[in-house]
$ cat input22.cif   # mmCIF, C-alpha atoms
data_entry
#
loop_
_atom_site.label_atom_id
_atom_site.label_comp_id
_atom_site.auth_asym_id
_atom_site.auth_seq_id
_atom_site.Cartn_x
_atom_site.Cartn_y
_atom_site.Cartn_z
CA MET A 221 88.33 21.72 -15.40
CA MET A 222 86.01 19.06 -13.97
CA GLU A 223 88.99 17.04 -12.80
CA PHE A 224 90.31 19.95 -10.70
CA SER A 225 86.98 20.38 -8.87
CA LEU A 226 87.04 16.74 -7.72
CA GLN A 227 90.53 16.93 -6.19
CA ILE A 228 89.75 17.16 -2.49
CA GLY A 229 92.75 17.28 -0.20
CA TYR A 230 92.95 16.36 3.47
CA TRP A 231 93.13 20.03 4.41
CA HIS A 232 89.72 20.62 2.78
CA TRP A 233 88.21 18.21 5.28
CA TRP A 234 90.06 19.85 8.16
CA VAL A 235 88.78 23.29 7.10
CA LEU A 236 85.28 21.83 6.87
CA GLY A 237 85.75 20.36 10.35
CA VAL A 238 86.75 23.79 11.71
CA VAL A 239 83.70 25.35 10.02
CA PHE A 240 81.45 22.79 11.73
CA ILE A 241 83.12 23.47 15.10
CA VAL A 242 82.54 27.22 14.64
CA LEU A 243 78.90 26.49 13.76
CA GLU A 244 78.70 24.41 16.94
CA ILE A 245 79.93 27.34 18.99
CA LEU A 246 77.24 29.56 17.45
CA SER A 247 74.39 27.06 17.76
CA PRO A 248 72.47 26.10 20.91
CA ALA A 249 72.54 22.34 20.31
CA VAL A 250 75.36 19.79 20.29
CA PHE A 251 75.11 18.60 16.71
CA PHE A 252 77.77 20.17 14.49
CA LEU A 253 80.53 19.05 16.84
CA TRP A 254 80.14 15.45 15.74
CA MET A 255 80.12 16.38 12.06
CA GLY A 256 83.25 18.47 12.61
CA LEU A 257 84.99 15.51 14.23
CA ALA A 258 83.88 13.26 11.37
CA ALA A 259 85.33 15.71 8.84
CA GLY A 260 88.60 15.73 10.80
CA VAL A 261 88.74 11.93 10.78
CA VAL A 262 88.12 11.83 7.02
CA GLY A 263 90.93 14.38 6.60
CA LEU A 264 93.23 12.14 8.64
CA ILE A 265 92.28 9.09 6.56
CA LEU A 266 92.92 11.08 3.39
CA LEU A 267 96.32 12.11 4.74
CA LEU A 268 97.16 8.41 5.21
CA PHE A 269 95.59 7.31 1.90
CA PRO A 270 95.94 10.26 -0.50
CA GLY A 271 94.56 8.43 -3.53
CA LEU A 272 91.10 7.87 -1.98
CA ALA A 273 88.34 8.81 -4.44
CA TRP A 274 86.05 11.69 -3.47
CA GLU A 275 83.02 9.37 -3.51
CA TRP A 276 84.58 7.27 -0.76
CA GLN A 277 85.52 10.39 1.17
CA VAL A 278 81.93 11.63 1.18
CA LEU A 279 80.66 8.16 2.08
CA LEU A 280 83.13 7.92 4.99
CA PHE A 281 82.10 11.40 6.15
CA ALA A 282 78.43 10.39 6.13
CA ILE A 283 79.15 7.14 8.01
CA PHE A 284 81.38 8.79 10.63
CA SER A 285 78.92 11.66 11.10
CA LEU A 286 75.98 9.34 11.59
CA ALA A 287 77.93 6.98 13.86
CA SER A 288 79.25 9.78 16.07
CA ILE A 289 75.84 11.47 16.37
CA LEU A 290 74.13 8.19 17.30
CA ALA A 291 76.90 7.25 19.73
CA SER A 292 76.72 10.63 21.46
CA ARG A 293 72.92 10.43 21.76
CA ARG A 294 73.15 6.95 23.22
CA TYR A 295 75.85 8.02 25.69
CA LEU A 296 73.90 11.10 26.80
CA ASP A 297 70.74 9.04 27.25
CA ARG A 298 72.61 6.72 29.61
CA HIS A 299 74.65 9.47 31.32
CA PRO A 300 72.49 12.63 31.40
CA LEU A 301 74.08 15.94 32.28
CA HIS A 302 73.20 17.22 35.75
CA SER A 303 72.93 20.87 36.60
CA ASP A 304 73.55 22.55 39.93
CA HIS A 305 70.50 24.75 39.12
CA PRO A 306 67.94 22.37 37.58
CA LEU A 307 65.03 24.82 38.05
CA LEU A 308 66.86 27.84 36.62
CA ASN A 309 64.51 28.39 33.67
CA ARG A 310 61.44 26.92 35.40
CA ARG A 311 60.65 29.79 37.71
CA GLY A 312 57.27 28.51 38.89
CA GLN A 313 58.81 25.21 40.02
CA GLN A 314 61.13 27.16 42.32
CA TYR A 315 58.14 28.18 44.44
CA VAL A 316 56.76 24.69 45.10
CA GLY A 317 56.71 24.05 48.84
CA ARG A 318 56.96 27.73 49.78
CA THR A 319 54.32 29.57 51.79
CA PHE A 320 52.82 32.92 50.77
CA SER A 321 49.95 35.25 51.71
CA LEU A 322 47.18 35.86 49.21
CA SER A 323 47.27 39.39 47.81
CA THR A 324 43.79 38.99 46.33
CA PRO A 325 41.18 36.49 47.51
CA ILE A 326 40.64 33.25 45.64
CA VAL A 327 37.18 33.49 44.12
CA ASN A 328 35.83 30.79 41.80
CA GLY A 329 39.15 28.98 42.09
CA TYR A 330 41.50 31.82 41.08
CA GLY A 331 43.37 34.55 42.92
CA LYS A 332 46.82 36.13 43.16
CA ILE A 333 49.85 36.08 45.41
CA ARG A 334 52.78 38.46 45.55
CA VAL A 335 56.16 36.74 45.10
CA ASP A 336 59.20 38.98 45.44
CA ASP A 337 58.69 41.65 42.76
CA SER A 338 55.96 39.92 40.74
CA SER A 339 52.37 38.84 41.03
CA TRP A 340 51.37 35.25 40.26
CA LYS A 341 47.97 33.86 39.42
CA VAL A 342 47.02 30.98 41.70
CA SER A 343 44.33 28.34 41.63
CA GLY A 344 42.86 26.44 44.52
CA PRO A 345 39.94 26.43 46.92
CA ASP A 346 38.33 29.79 47.71
CA CYS A 347 40.21 31.69 50.44
CA ALA A 348 40.14 35.19 51.88
CA GLU A 349 42.74 37.85 51.14
CA GLY A 350 45.75 37.52 53.45
CA SER A 351 45.27 33.77 53.97
CA GLN A 352 48.44 31.71 54.17
CA VAL A 353 48.80 29.24 51.28
CA ARG A 354 51.42 26.74 50.19
CA VAL A 355 52.38 26.21 46.55
CA VAL A 356 51.96 22.53 45.69
CA GLY A 357 52.36 22.57 41.91
CA VAL A 358 52.53 24.55 38.71
CA ASP A 359 50.26 24.46 35.67
CA GLY A 360 51.86 26.63 33.00
CA VAL A 361 52.03 30.08 34.61
CA VAL A 362 49.41 29.35 37.28
CA LEU A 363 50.60 28.19 40.69
CA GLN A 364 48.53 25.44 42.29
CA ILE A 365 48.05 26.17 45.99
CA GLU A 366 46.50 24.66 49.08
CA PRO A 367 45.46 26.70 52.10
CA LEU A 368 47.42 26.20 55.30
CA GLU A 369 45.35 24.94 58.16
CA GLN A 370 44.13 27.94 60.07
CA PRO A 371 43.59 27.17 63.74
CA THR A 372 40.01 27.43 64.86
CA GLN A 373 38.94 29.97 67.50
CA ALA A 374 38.82 27.23 70.16
CA GLU A 375 42.38 26.03 69.28
CA GLN A 376 43.70 29.60 69.46
CA GLU A 377 42.10 30.14 72.90
CA ALA A 378 43.51 26.83 74.16
CA ASN A 379 47.03 27.77 73.05
CA ASP A 380 46.91 31.29 74.51
CA PRO A 381 48.10 31.49 78.18
#

$ encode --input "input22.cif" --output "structure tokens"
Amino acid sequence: MMEFSLQIGYWHWWVLGVVFIVLEILSPAVFFLWMGLAAGVVGLILLLFPGLAWEWQVLLFAIFSLASILASRRYLDRHPLHSDHPLLNRRGQQYVGRTFSLSTPIVNGYGKIRVDDSSWKVSGPDCAEGSQVRVVGVDGVVLQIEPLEQPTQAEQEANDP
């Protein structure tokens, strides 16, 4: 009975590889893919060398899994993936550089602006309601702003015809 349980065929490794690939599809990280490929390689080796002991099979699986995971990490560190929407899940960063009007005045360093269909807390120097401000940074969910230069009364009179 014990002897039967230790008879691992090449197709066992291929089934295990498919299971890992399915787990990869269901998981958010790229991790099980490399273990699935390692199981497939061990199955191929076992197909070529059918008398390989199960201890060696497990050792080869561990080595190939570790080697493929480390190689993929090294490759991705050197060649990072680029997105056409790098700020997709960083909504506050999308507003940096844009100009808005204050919906509530900034008092003691904090106020609010209206952005599309939402209201954002802002921090910066005290300003009156309706003042034009530019977003210069983000700190968590608080937008860092700076007031736009408002022309003085004399500058406005000089520019008016």

$ closest_residue --input "input22.cif" --among "A:Val316, A:Leu279, A:Ile365, A:Ala249" --to "Lys332 of chain A" --atoms "all atoms listed in the file"
A:Ile365

$ closest_residue --input "input22.cif" --among "A:Trp276, A:Trp231, A:Phe284, A:Trp340" --to "Gly312 of chain A" --atoms "only C-alpha atoms"
A:Trp340

$ residues_around --input "input22.cif" --residues "Arg310 of chain A" --least-positions-apart "4" --cutoff "10 Å" --atoms "all atoms listed in the file" --output "list of chain:residue names"
A:Pro306, A:Gln314, A:Tyr315, A:Val358, A:Gly360, A:Val361

$ closest_residue --input "input22.cif" --among "A:Ile245, A:Leu272, A:Val327, A:Leu322" --to "Val353 of chain A" --atoms "only C-alpha atoms"
A:Leu322

$ atom_distance --input "input22.cif" --atom1 "atom CA of Ala259 of chain A" --atom2 "atom CA of Ile283 of chain A"
10.6 Å

$ closest_residue --input "input22.cif" --among "A:Val278, A:Asn328, A:Phe251, A:His305" --to "Ser292 of chain A" --atoms "all atoms listed in the file"
A:Phe251

$ axis_aligned_box --input "input22.cif" --around "segment 324-341 of chain A" --padding-each-side "4 Å" --output "AutoDock Vina command-line options"
--center_x 47.5 --center_y 35.3 --center_z 43.5 --size_x 31.4 --size_y 20.7 --size_z 16.1

$ atom_distance --input "input22.cif" --atom1 "atom CA of Val355 of chain A" --atom2 "atom CA of His302 of chain A"
25.1 Å

$ residues_around --input "input22.cif" --residues "Ser343 of chain A" --least-positions-apart "3" --cutoff "6 Å" --atoms "all atoms listed in the file" --output "ChimeraX atom specification"
/A:329-330,364

$ atom_distance --input "input22.cif" --atom1 "atom CA of Phe252 of chain A" --atom2 "atom CA of Leu290 of chain A"
12.8 Å
